[in-house]
Structure formats: C-alpha cells, structure tokens
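*Asks:* File coords20.txt follows (compact mmCIF, C-alpha atoms):
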```txt
# COMPACT_ATOMS: atom_id res chain seq x y z
CA MET A 213 -5.80 -9.89 -9.10
CA LYS A 214 -3.05 -7.25 -9.13
CA ILE A 215 -3.72 -4.10 -7.09
CA ALA A 216 -1.44 -1.06 -6.70
CA ILE A 217 -1.77 1.30 -3.72
CA TYR A 218 -0.73 4.94 -3.70
CA SER A 219 -0.98 7.69 -1.08
CA ARG A 220 0.85 10.85 -0.12
CA GLY A 221 0.50 9.72 3.49
CA LEU A 222 -2.38 10.16 5.94
CA ASP A 223 -2.79 12.12 9.15
CA ALA A 224 -1.93 10.27 12.34
CA ASP A 225 -5.38 10.93 13.83
CA MET A 226 -6.94 8.82 11.08
CA GLY A 227 -5.37 5.66 12.49
CA ASN A 228 -3.87 3.36 9.90
CA PRO A 229 -6.48 2.68 7.21
CA LEU A 230 -3.76 1.29 4.96
CA LEU A 231 -3.42 -1.73 7.26
CA VAL A 232 -7.20 -2.21 7.11
CA LEU A 233 -7.04 -2.11 3.31
CA LEU A 234 -4.15 -4.59 3.23
CA ASP A 235 -6.07 -6.99 5.48
CA GLU A 236 -9.10 -6.77 3.16
CA LEU A 237 -6.99 -7.44 0.07
CA GLU A 238 -5.15 -10.35 1.71
CA ARG A 239 -8.49 -12.06 2.24
CA TYR A 240 -8.65 -12.49 -1.54
CA GLU A 241 -4.96 -13.35 -2.00
CA THR A 242 -4.36 -10.40 -4.29
CA GLN A 243 -0.93 -9.45 -5.55
CA ILE A 244 -0.20 -6.04 -4.03
CA TYR A 245 2.05 -3.31 -5.45
CA ILE A 246 2.68 -0.49 -2.99
CA TYR A 247 4.22 2.96 -3.32
CA GLN A 248 7.56 2.42 -1.63
CA PRO A 249 7.63 5.49 0.69
CA LEU A 250 4.41 4.24 2.34
CA ILE A 251 6.14 1.18 3.77
CA ALA A 252 8.07 3.31 6.28
CA THR A 253 5.72 6.25 6.78
CA MET A 254 2.65 4.07 7.43
CA HIS A 255 4.56 1.60 9.62
CA ILE A 256 3.71 -1.52 7.65
CA PRO A 257 4.86 -4.65 9.53
CA LEU A 258 7.82 -6.40 7.93
CA GLN A 259 5.90 -9.66 7.41
CA LYS A 260 3.31 -7.79 5.36
CA ALA A 261 5.83 -5.67 3.46
CA GLU A 262 7.77 -8.75 2.35
CA LYS A 263 4.67 -10.06 0.53
CA MET A 264 4.27 -6.88 -1.52
CA THR A 265 6.06 -5.45 -4.55
CA PRO A 266 7.24 -1.84 -4.06
CA PHE A 267 7.01 0.66 -6.91
CA TYR A 268 8.70 4.03 -7.12
CA SER A 269 7.37 5.74 -10.24
CA SER A 270 5.22 5.33 -13.32
CA ASP A 271 7.98 3.24 -14.92
CA ASP A 272 7.21 0.44 -12.45
CA LEU A 273 3.52 0.21 -13.41
CA ASN A 274 2.12 -1.53 -16.47
CA GLY A 275 -1.21 -2.50 -17.98
CA GLU A 276 -1.22 -5.86 -16.17
CA ILE A 277 -2.28 -4.13 -12.93
CA ASP A 278 -6.05 -4.36 -12.51
CA CYS A 279 -6.52 -1.23 -10.40
CA LEU A 280 -4.67 1.49 -8.50
CA ILE A 281 -6.22 2.43 -5.16
CA SER A 282 -5.64 6.04 -4.12
CA LEU A 283 -5.86 6.82 -0.40
CA GLY A 284 -6.33 10.53 0.22
CA GLY A 285 -8.26 13.37 -1.35
CA ASP A 286 -8.72 14.64 -4.89
CA GLY A 287 -5.12 15.87 -4.98
CA THR A 288 -3.91 12.33 -4.39
CA ILE A 289 -5.91 11.16 -7.39
CA LEU A 290 -4.31 13.90 -9.50
CA ASP A 291 -0.94 12.49 -8.46
CA ALA A 292 -2.14 8.99 -9.35
CA VAL A 293 -3.04 10.16 -12.87
CA THR A 294 0.62 11.06 -13.48
CA LEU A 295 1.54 7.54 -12.34
CA VAL A 296 -0.87 5.49 -14.48
CA ARG A 297 -0.55 7.77 -17.55
CA ASP A 298 -1.62 5.95 -20.72
CA THR A 299 -1.56 2.43 -19.26
CA GLY A 300 -5.35 2.34 -18.84
CA ILE A 301 -5.06 1.25 -15.18
CA PRO A 302 -8.33 2.25 -13.44
CA ILE A 303 -8.04 4.47 -10.35
CA LEU A 304 -10.24 3.94 -7.30
CA GLY A 305 -10.20 6.81 -4.81
CA ILE A 306 -10.89 6.35 -1.10
CA ASN A 307 -11.56 9.83 0.28
CA PHE A 308 -9.57 10.83 3.36
CA GLY A 309 -9.60 14.48 2.31
CA ARG A 310 -12.35 17.08 2.60
CA LEU A 311 -14.73 17.53 -0.34
CA GLY A 312 -13.82 14.58 -2.52
CA PHE A 313 -15.38 15.02 -5.97
CA LEU A 314 -13.00 12.50 -7.54
CA ALA A 315 -12.25 10.39 -4.47
CA SER A 316 -15.94 9.90 -3.77
CA ILE A 317 -15.80 6.60 -1.84
CA SER A 318 -15.83 7.11 1.93
CA PRO A 319 -13.50 5.24 4.33
CA GLU A 320 -16.56 3.45 5.71
CA GLU A 321 -17.11 1.93 2.24
CA LEU A 322 -13.57 0.53 2.05
CA SER A 323 -14.61 -3.08 2.57
CA SER A 324 -17.46 -2.92 0.07
CA ALA A 325 -15.16 -1.18 -2.43
CA VAL A 326 -12.67 -4.06 -2.21
CA ASP A 327 -15.52 -6.56 -2.68
CA ALA A 328 -16.65 -4.62 -5.76
CA LEU A 329 -13.12 -4.71 -7.16
CA ILE A 330 -12.69 -8.44 -6.64
CA ASN A 331 -16.13 -9.27 -8.02
CA ARG A 332 -15.80 -6.65 -10.77
CA THR A 333 -19.15 -5.07 -9.88
CA PHE A 334 -17.90 -1.52 -10.33
CA VAL A 335 -18.34 1.10 -13.05
CA VAL A 336 -15.45 2.70 -14.94
CA ASP A 337 -15.81 6.31 -16.09
CA LYS A 338 -13.50 7.53 -18.84
CA ARG A 339 -12.29 11.08 -18.19
CA THR A 340 -10.62 13.26 -20.80
CA LEU A 341 -7.31 14.98 -20.07
CA ILE A 342 -5.84 18.27 -21.25
CA HIS A 343 -2.42 18.33 -22.92
CA LEU A 344 0.03 21.23 -22.98
CA ASP A 345 2.27 21.98 -25.96
CA SER A 346 5.00 24.61 -25.70
CA ASN A 347 8.14 25.69 -27.51
CA GLN A 348 10.25 24.85 -24.45
CA PRO A 349 10.19 21.76 -22.22
CA LEU A 350 7.59 22.06 -19.46
CA PHE A 351 6.38 19.55 -16.87
CA GLY A 352 8.88 16.89 -17.85
CA ASP A 353 7.34 13.78 -19.40
CA ALA A 354 3.85 14.46 -17.97
CA PRO A 355 2.54 17.57 -19.77
CA PHE A 356 -1.09 16.64 -19.13
CA ALA A 357 -3.72 17.20 -16.47
CA LEU A 358 -7.06 15.78 -15.39
CA ASN A 359 -8.54 19.01 -14.01
CA GLU A 360 -7.13 22.08 -15.71
CA PHE A 361 -4.40 24.12 -17.29
CA ALA A 362 -4.00 27.60 -15.82
CA ILE A 363 -1.97 30.75 -16.40
CA HIS A 364 -1.32 33.02 -13.39
CA LYS A 365 0.47 36.25 -12.72
CA ARG A 366 3.29 35.95 -10.20
CA ASP A 367 2.72 36.91 -6.57
CA ILE A 368 1.86 40.62 -6.26
CA SER A 369 2.80 41.57 -9.83
CA PRO A 370 0.23 43.55 -11.90
CA MET A 371 -2.43 41.75 -13.90
CA ILE A 372 -1.42 40.14 -17.18
CA LYS A 373 -2.91 40.29 -20.66
CA ILE A 374 -3.61 36.88 -22.18
CA HIS A 375 -4.36 36.85 -25.92
CA THR A 376 -6.34 33.68 -26.59
CA TYR A 377 -6.98 31.88 -29.90
CA LEU A 378 -9.16 28.95 -31.00
CA ASN A 379 -7.55 26.98 -33.84
CA GLY A 380 -5.57 30.12 -34.68
CA GLU A 381 -8.59 32.45 -34.74
CA PHE A 382 -8.58 35.25 -32.20
CA LEU A 383 -11.05 34.78 -29.33
CA ASN A 384 -10.31 37.46 -26.73
CA SER A 385 -7.63 39.31 -24.80
CA TYR A 386 -8.12 38.70 -21.10
CA TRP A 387 -6.90 41.41 -18.70
CA ALA A 388 -6.87 39.35 -15.51
CA ASP A 389 -4.93 37.72 -12.73
CA GLY A 390 -5.02 34.53 -14.77
CA LEU A 391 -6.94 32.18 -17.04
CA ILE A 392 -8.20 28.63 -16.53
CA VAL A 393 -8.88 26.05 -19.24
CA SER A 394 -10.77 23.29 -17.48
CA THR A 395 -11.80 19.80 -18.50
CA PRO A 396 -15.31 18.60 -17.57
CA THR A 397 -13.76 16.77 -14.61
CA GLY A 398 -12.04 19.93 -13.40
CA SER A 399 -15.12 22.10 -13.89
CA SER A 400 -16.21 21.39 -10.31
CA GLY A 401 -12.83 22.52 -8.95
CA TYR A 402 -10.85 25.72 -9.52
CA ASN A 403 -13.15 26.65 -12.40
CA LEU A 404 -16.21 26.50 -10.12
CA SER A 405 -14.45 28.68 -7.53
CA CYS A 406 -14.05 31.35 -10.24
CA ASN A 407 -17.77 31.25 -11.14
CA GLY A 408 -17.35 28.87 -14.06
CA PRO A 409 -20.08 26.35 -14.96
CA ILE A 410 -20.16 22.68 -13.99
CA LEU A 411 -19.87 20.36 -16.99
CA PHE A 412 -20.98 16.74 -17.16
CA PRO A 413 -17.97 14.40 -17.53
CA GLU A 414 -19.08 13.19 -20.97
CA SER A 415 -19.74 16.68 -22.40
CA ALA A 416 -16.60 16.69 -24.64
CA SER A 417 -15.86 20.34 -23.90
CA PHE A 418 -13.38 22.71 -22.33
CA VAL A 419 -14.41 25.77 -20.34
CA ILE A 420 -12.27 28.91 -20.48
CA THR A 421 -12.64 30.95 -17.28
CA PRO A 422 -10.81 34.18 -16.39
CA VAL A 423 -9.46 34.71 -12.87
CA ALA A 424 -10.46 38.14 -11.50
CA PRO A 425 -10.93 39.77 -14.94
CA HIS A 426 -10.58 43.55 -15.22
CA ASN A 427 -13.44 43.79 -17.72
CA LEU A 428 -16.72 42.84 -16.05
CA ASN A 429 -18.37 41.84 -19.35
CA VAL A 430 -15.92 38.94 -19.73
CA ARG A 431 -17.53 35.64 -18.81
CA PRO A 432 -16.57 31.94 -18.96
CA ILE A 433 -17.07 30.30 -22.33
CA ILE A 434 -17.53 26.62 -23.21
CA VAL A 435 -15.82 25.34 -26.36
CA PRO A 436 -15.66 21.87 -27.98
CA ASP A 437 -12.58 19.94 -26.86
CA ASN A 438 -11.48 19.31 -30.45
CA ASN A 439 -10.23 22.91 -30.50
CA VAL A 440 -6.58 23.82 -30.03
CA ILE A 441 -6.44 26.79 -27.64
CA SER A 442 -3.27 28.90 -27.85
CA PHE A 443 -2.03 31.86 -25.85
CA GLU A 444 0.26 34.87 -25.98
CA VAL A 445 0.98 36.58 -22.66
CA GLU A 446 1.87 40.22 -22.05
CA GLY A 447 2.65 41.95 -18.77
CA ARG A 448 4.97 44.27 -16.89
CA ALA A 449 6.63 41.28 -15.24
CA ASP A 450 8.96 39.14 -17.34
CA GLN A 451 7.59 35.85 -16.04
CA PHE A 452 4.30 34.21 -15.16
CA ILE A 453 3.13 30.87 -13.76
CA CYS A 454 1.88 27.88 -15.76
CA ALA A 455 -0.04 25.19 -13.87
CA LEU A 456 -1.24 21.70 -14.70
CA ASP A 457 -3.47 20.66 -11.81
CA ALA A 458 -1.29 21.13 -8.70
CA ARG A 459 2.01 21.25 -10.60
CA ARG A 460 3.46 24.66 -11.40
CA GLU A 461 6.35 26.11 -13.38
CA ILE A 462 7.56 29.68 -13.75
CA VAL A 463 8.06 30.57 -17.42
CA ASP A 464 9.19 33.55 -19.45
CA LYS A 465 6.43 35.60 -21.08
CA THR A 466 7.95 34.92 -24.51
CA VAL A 467 7.00 31.22 -24.29
CA GLN A 468 4.48 29.88 -26.80
CA LEU A 469 1.67 27.80 -25.26
CA ALA A 470 -1.23 25.78 -26.60
CA VAL A 471 -3.56 23.19 -25.07
CA ARG A 472 -5.61 20.41 -26.62
CA ARG A 473 -7.36 17.22 -25.63
CA GLU A 474 -4.89 14.51 -24.66
CA LYS A 475 -4.75 11.45 -26.93
CA PHE A 476 -5.51 9.07 -24.06
CA ALA A 477 -8.07 9.16 -21.25
CA VAL A 478 -7.95 8.10 -17.61
CA ASN A 479 -10.29 5.54 -16.05
CA LEU A 480 -11.92 6.36 -12.69
CA VAL A 481 -13.66 3.62 -10.72
CA ARG A 482 -16.94 4.28 -8.95
CA LEU A 483 -19.41 2.06 -7.18
CA ASN A 484 -22.70 1.55 -8.98
CA GLU A 485 -24.68 3.82 -6.66
CA ASN A 486 -22.23 6.75 -6.88
CA SER A 487 -23.41 8.60 -9.99
CA PHE A 488 -22.22 12.06 -11.01
CA LEU A 489 -25.55 13.57 -9.99
CA SER A 490 -25.49 11.91 -6.58
CA THR A 491 -21.95 13.22 -6.07
CA LEU A 492 -23.06 16.75 -6.97
CA ARG A 493 -26.00 16.58 -4.59
CA SER A 494 -23.98 15.22 -1.68
CA LYS A 495 -20.88 17.40 -2.10
CA LEU A 496 -22.73 20.68 -2.84
CA THR A 497 -25.70 19.84 -0.55
CA TRP A 498 -28.16 20.46 -3.37
CA GLY A 499 -31.72 19.68 -2.34
CA LEU A 500 -30.66 19.27 1.29
CA ASP A 501 -31.49 22.77 2.54
CA LYS A 502 -33.57 22.26 5.69
CA ARG A 503 -35.63 25.35 4.86
CA ASN A 504 -37.10 23.41 1.95
```
What would you get if you wrote out this structure as structure tokens?
*Replies:*
Amino acid sequence: MKIAIYSRGLDADMGNPLLVLLDELERYETQIYIYQPLIATMHIPLQKAEKMTPFYSSDDLNGEIDCLISLGGDGTILDAVTLVRDTGIPILGINFGRLGFLASISPEELSSAVDALINRTFVVDKRTLIHLDSNQPLFGDAPFALNEFAIHKRDISPMIKIHTYLNGEFLNSYWADGLIVSTPTGSSGYNLSCNGPILFPESASFVITPVAPHNLNVRPIIVPDNNVISFEVEGRADQFICALDARREIVDKTVQLAVRREKFAVNLVRLNENSFLSTLRSKLTWGLDKRN
C-alpha cells in the first residue's frame, strides 16, 4: 500500500505523533511518501527517512497513492486538497487542531485508523468543490476550494457593494463587509459563523451568505450548485480581497468574477462510526446539554 503524509508541523507539546504513525505504517510494510519539510522539522531519524520517498508539491503525487494522511486541523486538510487536486487520492485527517469538522479522527484513534486503511474498512465521502473563474489570473493553478469562496473589503475601508447574479440573472446587491459562497462542506465553517445554515454534504447546493450586511432584511440563500454565480463589486476603495478557503489575493474592483461547481470532487476518508450527524453532535455539543 502507498501512503502519503502531509502536515504543516505540530506543536512541540504534542510530542511526535508522526513517529507513532510511521511505526504503525511500518508494521504493514507500506510504501511511505512524506512531505519533505517534515523530515527536518519533525526530527525523523535518518534510518527511517531513508526508507521514505519525499514529495514537495502536487506534481509529485499521482493516482497510484492509496491515501494521503493529514496531520493537523481542518486547515491542514484544506492544504491537502490543493495537493491531491483531481487525482482522486482519498484524504484521511487526524485532528491535532481544535474543532475538527473535516479532520474528525482523534489522535487516540490513530492506530485503529491505520488498521482501517490497511484492511480497507473505511468509508469515502465525495465532497464537491467550488471553482473560481476570473478575467485575470488568480490563485495560480489551484483556483478551487473545498469550503468557500469569499469577497471581503480591505482592512478598515468602507463597506462594499456586491452585485450578484445567478446564471446572468440579477439576484441582489449586497451592501456589506463581504459575501461568502459556501459549499456544503464549508457550511459548518465561516458560513456558520455568519449565521448561515448547515448543509448536508450531499445536498448539491451552494449557500450565499453576506458578512455584516447593511440591510437587515438580507438573509442567506441556498441555491442549486449547477448555477454559475457572478459578481460585480463597487466601493470607495479601489481594491478588495478574494479568498478561496485560507488563500487570499488582493484584486482591483474592475475584475470580473464568477464561481461554479468544480468538475472534480475530493474524497475524504472517515471511519464507519463517524457519520456526519455524529460529527455535528460531538463538535456542536447538540443533545449534550446537562440541563436536559
């Protein structure tokens, strides 16, 4: 079995879970691909490092890899999505962050997660992505996101006016600090923080949610993800911020922007017992109020 490992790096007080993971994988004589910067930052012994194949970018990964293990939080998984791209490589997230909606497997489950990988007793969830089209190059060769596309005003500049269209038909002009177009996966993230609804992963929808809207009658709206959503931005400032997940670029307000469903999906690995509903209950403590 071929396993790739990616992480941004882990806090020193967490010990070295990467070595624990490597020991578990070596038990099954797996072929390990490791993100090259981890070899030095995580102090991997030379005798272990020599048995592994380092990779540096998405160009070094291909569809022959059975799984990419992400060590970190949800942000690390978002990074991993830009690495696997359209290869179909499933991503398994071990949560060393805080909330962990995407990286839902705890460090204590590391051994059982490896067993599930080797024995192929896991479940793969397909998650849709959002794709950004623009009339100038943005976000290099990865103009897609798992969670959301967002438009923001810059710093302390006045609010912006975002004219929004569905398949060319006018929807609304949002006077706001920004606007989020979230996938179902991202609905439990930034969208939720701005009072947007939670969508089930298979709901085939986008949710459009304003950030601090000036008009109080403006509310989030759910639209089918076969729509093309386009934007025109006005404001006193000449520039605003475009974001795909945690990646941001400053663009001129004359830029033309549109988002649509990406042509490919990403595969997220979960253990059989970790359903979407169980994740919601555990992460949002639904049904766990002691007063009940």
*Asks:* Which residue out of A:Asn429, A:Ser269, A:Gln348, A:Ser316 has the minimum interatomic distance to Ser487 in chain A when all atoms listed in the file are used?
*Replies:*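 Checking each candidate against Ser487 in chain A, we get A:Ser316 as the closest.
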*Asks:* Quick one, how far is CA of Leu230 in chain A from CA of Thr253 in chain A?
*Replies:* 10.9 Å
*Asks:* Between CA of Val471 in chain A and CA of Tyr218 in chain A, measure the distance and give it in Å to one decimal.
*Replies:*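 CA of Tyr218 in chain A lies at a distance of 28.2 Å from CA of Val471 in chain A.
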*Asks:* Counting all atoms listed in the file, what are the residues of range 337-427 of chain A within 9 Å of range 283-305 of chain A, and for each of them which pair of atoms is the nearest and at what distance in Å, to one decimal? Sort the table by chain and rising number, as a Markdown table.
*Replies:*
```
| residue | atom | partner | partner_atom | distance |
| --- | --- | --- | --- | --- |
| A:Asp337 | CA | A:Pro302 | CA | 8.9 |
| A:Ala354 | CA | A:Thr294 | CA | 6.5 |
| A:Phe356 | CA | A:Thr294 | CA | 8.1 |
| A:Ala357 | CA | A:Leu290 | CA | 7.7 |
| A:Leu358 | CA | A:Leu290 | CA | 6.8 |
| A:Asn359 | CA | A:Leu290 | CA | 8.0 |
```
*Asks:* Determine the nearest neighbour of Phe412 in chain A from the options A:Leu489, A:Leu258, A:Val430, A:Met213, counting all atoms listed in the file.
*Replies:* A:Leu489
*Asks:* Go through A:Arg472, A:His375, A:His364, A:Lys465 one by one, measure the shortest atom-to-atom distance of each to Ala424 in chain A using all atoms listed in the file, and give the residue with the smallest value.
*Replies:*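 Once distances to Ala424 in chain A are computed over all atoms listed in the file, the minimum belongs to A:His364.
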*Asks:* Mind checking which residues fall within 7 Å of Pro436 in chain A, counting only C-alpha atoms, ignoring those fewer than 3 positions away in the same chain, and posting them as a PyMOL selection string?
*Replies:* chain A and resi 416-418+439
*Asks:* Kindly give the distance, in Å, that separates CA of Arg310 in chain A and CA of Gly408 in chain A, rounded to a single decimal.
*Replies:* 21.0 Å
*Asks:* My list of candidates is A:Pro355, A:Gly312, A:Gly380, A:Gly398. Which is closest to Glu444 in chain A when distances are computed with only C-alpha atoms?
*Replies:*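 Ranked by minimum distance to Glu444 in chain A, first place goes to A:Gly380.
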*Asks:* Taking only residues of range 449-488 of chain A that have an atom at most 12 Å from an atom of range 320-327 of chain A, what is each one's shortest atom pair and its distance in Å to one decimal, using all atoms listed in the file, in chain and number order, as CSV?
*Replies:*
```
residue,atom,partner,partner_atom,distance
A:Val481,CA,A:Ala325,CA,9.7
A:Arg482,CA,A:Ala325,CA,8.7
A:Leu483,CA,A:Ala325,CA,7.2
A:Asn484,CA,A:Ala325,CA,10.4
A:Glu485,CA,A:Ala325,CA,11.6
A:Asn486,CA,A:Glu321,CA,11.5
```
*Asks:* Around the point (-3.3, 22.8, -12.8) in the file's coordinates, collect all residues with an atom within 7 Å, using all atoms listed in the file, and return them as number ranges by chain.
*Replies:* A: 357, 359-362, 455-459
*Asks:* Considering only C-alpha atoms, return as a count of residues only whatever protein or nucleic-acid residues lie within 9 Å of range 384-387 of chain A, sequence-local ones (same chain, fewer than 5 positions apart) excluded.
*Replies:* 13
*Asks:* Identify, on the basis of all atoms listed in the file, every residue whose closest approach to Pro432 in chain A does not exceed 10 Å; exclude the query and any residue fewer than 3 positions from it along the same chain; express the result as a VMD selection string.
*Replies:* chain A and resid 391 to 393 403 406 to 409 419 to 423 435
*Asks:* Given all atoms listed in the file as the basis, pick out the residue of A:Asp278, A:Asp345, A:Asp501, A:Glu241 nearest to Leu329 in chain A.
*Replies:*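 Closest residue, counting all atoms listed in the file: A:Asp278.
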*Asks:* Go through A:Ser369, A:Ser415, A:Asn479, A:Thr497 and flag the residue nearest Gln451 in chain A, using only C-alpha atoms for the distances.
*Replies:*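 Closest to Gln451 in chain A, using only C-alpha atoms: A:Ser369.
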